[in-house]
file input00.txt (compact mmCIF, C-alpha atoms)
# COMPACT_ATOMS: atom_id res chain seq x y z
CA MET A 10 14.75 19.13 12.88
CA PRO A 11 11.81 17.49 11.08
CA LEU A 12 11.48 13.77 10.68
CA THR A 13 11.98 12.54 7.12
CA ALA A 14 9.56 10.41 5.11
CA VAL A 15 10.51 9.11 1.66
CA ALA A 16 7.68 7.83 -0.52
CA ILE A 17 8.60 5.69 -3.53
CA ARG A 18 6.05 6.38 -6.26
CA HIS A 19 5.43 4.15 -9.30
CA VAL A 20 2.58 5.96 -11.06
CA ALA A 21 1.75 9.65 -10.75
CA PHE A 22 -1.79 9.29 -9.43
CA GLU A 23 -0.97 6.77 -6.68
CA ASP A 24 0.51 9.05 -4.04
CA LEU A 25 0.21 9.35 -0.25
CA GLY A 26 -3.32 10.68 -0.55
CA HIS A 27 -5.08 10.47 2.81
CA LEU A 28 -1.77 9.76 4.55
CA ASP A 29 -0.15 13.04 3.54
CA ALA A 30 -1.83 15.34 6.06
CA PRO A 31 -1.39 13.09 9.14
CA LEU A 32 2.26 12.52 8.25
CA ARG A 33 2.88 16.26 8.05
CA ALA A 34 0.94 16.78 11.28
CA ALA A 35 3.22 14.22 12.94
CA GLY A 36 6.25 16.30 11.94
CA TYR A 37 7.42 14.52 8.79
CA ALA A 38 8.95 16.32 5.83
CA ILE A 39 7.86 14.29 2.79
CA ARG A 40 9.95 13.62 -0.30
CA TYR A 41 8.82 11.58 -3.29
CA VAL A 42 11.23 9.42 -5.24
CA GLU A 43 9.99 8.40 -8.69
CA ALA A 44 10.87 4.73 -9.12
CA ALA A 45 10.97 4.72 -12.91
CA ALA A 46 13.29 7.74 -12.97
CA GLY A 47 16.05 5.72 -11.35
CA GLY A 48 16.17 7.47 -8.00
CA VAL A 49 15.78 4.37 -5.84
CA ALA A 50 19.33 3.10 -6.34
CA ALA A 51 20.75 6.33 -4.90
CA LEU A 52 18.73 6.12 -1.67
CA ASP A 53 20.42 5.32 1.62
CA PRO A 54 18.17 2.50 2.89
CA LEU A 55 18.62 3.48 6.53
CA ALA A 56 18.51 7.26 6.31
CA PRO A 57 14.78 8.14 6.17
CA ASP A 58 12.90 8.00 9.44
CA LEU A 59 10.06 6.45 7.46
CA LEU A 60 9.96 4.73 4.07
CA VAL A 61 6.62 4.33 2.28
CA VAL A 62 6.46 2.17 -0.84
CA LEU A 63 3.35 3.03 -2.83
CA GLY A 64 1.23 1.08 -5.31
CA GLY A 65 1.75 0.55 -9.00
CA THR A 66 0.54 -1.25 -12.08
CA MET A 67 3.45 -3.67 -12.43
CA GLY A 68 4.06 -7.02 -10.73
CA VAL A 69 6.97 -7.72 -8.41
CA TYR A 70 7.97 -10.58 -10.74
CA GLU A 71 8.24 -8.22 -13.75
CA THR A 72 11.79 -7.06 -13.04
CA PRO A 73 12.96 -7.60 -16.67
CA GLU A 74 10.40 -5.03 -17.82
CA HIS A 75 10.85 -2.80 -14.75
CA PRO A 76 14.47 -3.11 -13.56
CA PHE A 77 13.97 -0.49 -10.82
CA LEU A 78 12.05 -3.17 -8.89
CA ALA A 79 15.36 -4.93 -8.23
CA ASP A 80 16.68 -1.72 -6.67
CA GLU A 81 13.59 -1.50 -4.46
CA LEU A 82 13.97 -5.08 -3.31
CA ALA A 83 17.62 -4.48 -2.39
CA LEU A 84 16.66 -1.30 -0.54
CA LEU A 85 13.91 -3.08 1.37
CA ARG A 86 16.09 -6.03 2.33
CA ALA A 87 18.63 -3.70 3.93
CA ARG A 88 16.04 -1.52 5.61
CA LEU A 89 13.94 -4.36 6.99
CA ALA A 90 17.02 -6.18 8.27
CA ALA A 91 17.87 -3.03 10.22
CA GLY A 92 14.37 -2.75 11.70
CA ARG A 93 13.69 0.69 10.22
CA PRO A 94 10.03 1.84 9.96
CA THR A 95 8.62 0.80 6.60
CA LEU A 96 5.08 0.96 5.21
CA GLY A 97 4.02 -0.82 2.02
CA LEU A 98 0.78 -0.25 0.13
CA CYS A 99 -0.46 -2.74 -2.49
CA LEU A 100 2.62 -3.18 -4.73
CA GLY A 101 4.62 -1.88 -1.77
CA ALA A 102 3.23 -4.68 0.42
CA GLN A 103 4.09 -7.24 -2.25
CA LEU A 104 7.63 -5.86 -2.48
CA ILE A 105 8.03 -6.14 1.30
CA ALA A 106 6.86 -9.77 1.11
CA ALA A 107 9.32 -10.51 -1.71
CA ALA A 108 12.18 -8.76 0.09
CA LEU A 109 11.54 -11.08 3.04
CA GLY A 110 11.77 -14.14 0.81
CA ALA A 111 8.08 -14.80 0.11
CA ARG A 112 6.63 -15.67 -3.29
CA VAL A 113 4.52 -13.06 -5.13
CA TYR A 114 2.24 -14.28 -7.90
CA PRO A 115 -1.05 -13.62 -9.73
CA GLY A 116 -4.14 -14.09 -7.60
CA PRO A 117 -7.37 -15.92 -8.48
CA ALA A 118 -9.10 -12.83 -9.89
CA LYS A 119 -8.87 -9.05 -9.87
CA GLU A 120 -10.22 -7.55 -6.64
CA ILE A 121 -11.33 -4.01 -7.46
CA GLY A 122 -13.78 -1.93 -5.44
CA TYR A 123 -14.73 -0.88 -1.94
CA ALA A 124 -15.26 -3.59 0.68
CA PRO A 125 -14.22 -4.24 4.29
CA VAL A 126 -11.48 -6.55 5.47
CA THR A 127 -11.75 -9.08 8.28
CA LEU A 128 -9.14 -8.66 11.00
CA THR A 129 -7.41 -11.66 12.50
CA ALA A 130 -7.06 -11.84 16.29
CA GLU A 131 -3.60 -10.34 15.87
CA GLY A 132 -5.00 -7.67 13.57
CA ALA A 133 -7.55 -6.70 16.21
CA ALA A 134 -4.62 -6.04 18.57
CA SER A 135 -2.68 -4.07 15.96
CA PRO A 136 -2.97 -0.50 14.62
CA LEU A 137 -5.59 -1.84 12.18
CA ALA A 138 -7.94 -2.00 15.16
CA ALA A 139 -8.47 1.71 14.48
CA LEU A 140 -10.52 0.70 11.43
CA PRO A 141 -14.20 1.02 12.39
CA ALA A 142 -16.11 -2.26 12.19
CA GLY A 143 -17.28 -2.82 8.64
CA GLN A 144 -15.24 0.07 7.25
CA SER A 145 -14.83 -0.32 3.49
CA VAL A 146 -11.38 0.19 2.01
CA LEU A 147 -10.33 0.34 -1.62
CA HIS A 148 -9.09 -2.89 -3.19
CA TRP A 149 -7.32 -2.65 -6.52
CA HIS A 150 -5.02 -5.57 -7.19
CA GLY A 151 -4.63 -8.85 -9.02
CA ASP A 152 -1.52 -10.26 -7.34
CA THR A 153 -1.04 -11.93 -4.00
CA PHE A 154 1.84 -13.30 -1.91
CA ASP A 155 2.74 -15.95 0.60
CA LEU A 156 3.09 -14.79 4.18
CA PRO A 157 6.79 -14.18 4.87
CA ALA A 158 8.51 -16.17 7.58
CA GLY A 159 8.22 -14.35 10.89
CA ALA A 160 5.38 -12.09 9.70
CA THR A 161 2.00 -11.80 11.41
CA LEU A 162 -1.17 -11.95 9.33
CA LEU A 163 -3.49 -9.06 10.24
CA ALA A 164 -6.39 -9.03 7.76
CA SER A 165 -8.12 -11.03 5.03
CA THR A 166 -10.98 -11.00 2.54
CA ASP A 167 -12.80 -14.01 1.09
CA LEU A 168 -10.93 -13.71 -2.21
CA TYR A 169 -7.49 -12.78 -0.83
CA ARG A 170 -6.52 -14.25 2.51
CA ARG A 171 -3.35 -12.19 2.88
CA GLN A 172 -4.52 -8.58 2.95
CA ALA A 173 -2.18 -7.18 5.61
CA PHE A 174 0.77 -8.31 7.67
CA ALA A 175 3.26 -6.91 10.14
CA VAL A 176 6.89 -7.69 10.83
CA GLY A 177 7.64 -6.75 14.40
CA ARG A 178 6.65 -3.16 15.05
CA HIS A 179 8.72 -1.68 12.24
CA ALA A 180 7.02 -2.96 9.08
CA LEU A 181 3.37 -2.81 8.03
CA ALA A 182 2.23 -4.16 4.65
CA LEU A 183 -1.29 -3.44 3.37
CA GLN A 184 -2.54 -5.05 0.18
CA PHE A 185 -5.52 -2.68 0.21
CA HIS A 186 -5.52 1.09 -0.16
CA LEU A 187 -6.15 3.24 2.90
CA GLU A 188 -4.52 6.18 1.19
CA ALA A 189 -6.56 6.50 -2.00
CA ASP A 190 -8.23 9.87 -2.48
CA ARG A 191 -9.28 11.86 -5.57
CA ILE A 192 -10.55 8.65 -7.11
CA GLU A 193 -11.21 10.34 -10.44
CA ARG A 194 -7.45 10.16 -11.11
CA TRP A 195 -7.47 6.41 -10.48
CA LEU A 196 -10.48 5.91 -12.74
CA GLU A 197 -8.72 7.73 -15.57
CA GLY A 198 -5.34 6.10 -15.00
CA HIS A 199 -6.82 2.60 -14.83
CA ALA A 200 -9.52 3.11 -17.48
CA ALA A 201 -8.28 0.29 -19.72
CA GLU A 202 -8.18 -2.16 -16.80
CA LEU A 203 -11.70 -1.23 -15.74
CA ARG A 204 -12.97 -1.81 -19.26
CA ALA A 205 -11.23 -5.18 -19.42
CA GLU A 206 -12.77 -6.20 -16.09
CA ARG A 207 -16.20 -4.79 -17.06
CA ILE A 208 -16.30 -2.58 -13.99
CA ASP A 209 -18.45 0.55 -14.15
CA PRO A 210 -16.26 3.57 -13.28
CA ALA A 211 -19.34 5.63 -12.41
CA ALA A 212 -20.32 3.06 -9.77
CA LEU A 213 -16.79 3.16 -8.34
CA ALA A 214 -16.95 6.95 -8.23
CA ARG A 215 -20.24 6.79 -6.31
CA ASP A 216 -18.75 4.32 -3.84
CA ALA A 217 -15.72 6.58 -3.39
CA ALA A 218 -17.94 9.57 -2.63
CA ARG A 219 -19.84 7.53 -0.05
CA HIS A 220 -16.76 6.15 1.73
CA ASP A 221 -14.13 8.87 1.29
CA ALA A 222 -14.65 10.88 4.49
CA ALA A 223 -14.73 7.81 6.72
CA LEU A 224 -11.76 6.31 4.90
CA ARG A 225 -9.77 9.51 5.40
CA ASP A 226 -10.43 9.39 9.15
CA ALA A 227 -9.64 5.67 9.30
CA ALA A 228 -6.37 6.17 7.42
CA GLU A 229 -5.31 8.88 9.86
CA ALA A 230 -6.22 6.74 12.87
CA VAL A 231 -4.38 3.63 11.62
CA LEU A 232 -1.30 5.61 10.60
CA THR A 233 -1.15 7.51 13.88
CA ARG A 234 -1.32 4.29 15.90
CA TRP A 235 1.29 2.60 13.75
CA LEU A 236 3.71 5.52 13.86
CA SER A 237 3.44 5.58 17.64
CA ALA A 238 4.07 1.83 17.87
CA SER A 239 6.96 1.81 15.38
CA ALA A 240 8.83 4.80 16.81
call {"tool": "encode", "arguments": {"input": "input00.txt", "output": "structure tokens"}}
result
Amino acid sequence: MPLTAVAIRHVAFEDLGHLDAPLRAAGYAIRYVEAAAGGVAALDPLAPDLLVVLGGTMGVYETPEHPFLADELALLRARLAAGRPTLGLCLGAQLIAAALGARVYPGPAKEIGYAPVTLTAEGAASPLAALPAGQSVLHWHGDTFDLPAGATLLASTDLYRRQAFAVGRHALALQFHLEADRIERWLEGHAAELRAERIDPAALARDAARHDAALRDAAEAVLTRWLSASA
């Protein structure tokens, strides 16, 4: 019987990307749940072998405009309390932080583009150690969060100190995007934001082409290590 992975998706073009193939290779049957369609409330928080909460354009604190976020927070509180394997990416990481009682709020500036993260000592002993030294990852966020009580900080950048954290072996929260592939979809979906931030989409596309193969391998390596540790 295959393992089950449920991925909560907030926008169509932010999917599992580079994580899809290694998850399937590890024996997971993947099912997407579209957050805005109301499917989150019907989920059994403990049933999936793995829950992945993907990125999105909204803020955790925007529950009046996006009421499904309240359902996600309730789901995550139950799942994390039970120690079930949970992976959060960007908005997903912020939702994990909020579910654990931490504050989520706008950061000092938008961080958009490819750049490496700096691992903490704990990060260097975590699955993130599979990231090659200096490996650039995709940053695309404007919010940040306080480190939840009991969590371990794993990675930082100069602009955003809290880039990744773990809770025990069962929860991994990444503010950055290991999963992002087919960047042309992101450039189209976020075109208005790029214009507002005066970021050249052609330059981002060139960076994506330069880093994509290495990022795909890094994503597989990090995920494989984490799945082994969280099992």
call {"tool": "residues_around", "arguments": {"input": "input00.txt", "residues": "A:Arg86", "least_positions_apart": "6", "cutoff": "12 Å", "atoms": "all atoms listed in the file", "output": "list in words"}}
result
Pro54, Leu55, Ala79, Asp80, Gly92, Arg93, Thr95, Leu104, Ile105, Ala106, Ala107, Ala108, Leu109, Gly110 and Ala180 of chain A
call {"tool": "closest_atom_pairs", "arguments": {"input": "input00.txt", "of": "stretch 127-236 of chain A", "to": "stretch 33-40 of chain A", "cutoff": "12 Å", "atoms": "only C-alpha atoms", "output": "tab-separated table"}}
result
residue	atom	partner	partner_atom	distance
A:Glu229	CA	A:Ala34	CA	10.2
A:Leu232	CA	A:Ala35	CA	10.0
A:Thr233	CA	A:Ala35	CA	8.1
A:Arg234	CA	A:Ala35	CA	11.3
A:Trp235	CA	A:Ala35	CA	11.8
A:Leu236	CA	A:Ala35	CA	8.8
call {"tool": "write_last_selection", "arguments": {"input": "input00.txt", "atoms": "C-alpha atoms", "output": "mmCIF file, in the frame of the given file"}}
result
data_model
loop_
_atom_site.group_PDB
_atom_site.id
_atom_site.type_symbol
_atom_site.label_atom_id
_atom_site.label_comp_id
_atom_site.auth_asym_id
_atom_site.auth_seq_id
_atom_site.Cartn_x
_atom_site.Cartn_y
_atom_site.Cartn_z
ATOM 1 C CA GLU A 229 -5.310 8.880 9.860
ATOM 2 C CA LEU A 232 -1.300 5.610 10.600
ATOM 3 C CA THR A 233 -1.150 7.510 13.880
ATOM 4 C CA ARG A 234 -1.320 4.290 15.900
ATOM 5 C CA TRP A 235 1.290 2.600 13.750
ATOM 6 C CA LEU A 236 3.710 5.520 13.860
#
call {"tool": "residues_around", "arguments": {"input": "input00.txt", "residues": "stretch 115-129 of chain A", "least_positions_apart": "2", "cutoff": "10 Å", "atoms": "only C-alpha atoms", "output": "PyMOL selection string"}}
result
chain A and resi 68+70+113+131-135+137-138+140-154+161-170+172-173+185-186+202-203+206+208+210+212-214+216-217+220
call {"tool": "atom_distance", "arguments": {"input": "input00.txt", "atom1": "atom CA of A:Ala228", "atom2": "atom CA of A:Leu28"}}
result
6.5 Å
call {"tool": "atom_distance", "arguments": {"input": "input00.txt", "atom1": "atom CA of A:Val176", "atom2": "atom CA of A:Pro11"}}
result
25.7 Å
call {"tool": "residues_around", "arguments": {"input": "input00.txt", "residues": "stretch 97-100 of chain A", "least_positions_apart": "6", "cutoff": "6 Å", "atoms": "all atoms listed in the file", "output": "ChimeraX atom specification"}}
result
/A:61-65,182-185
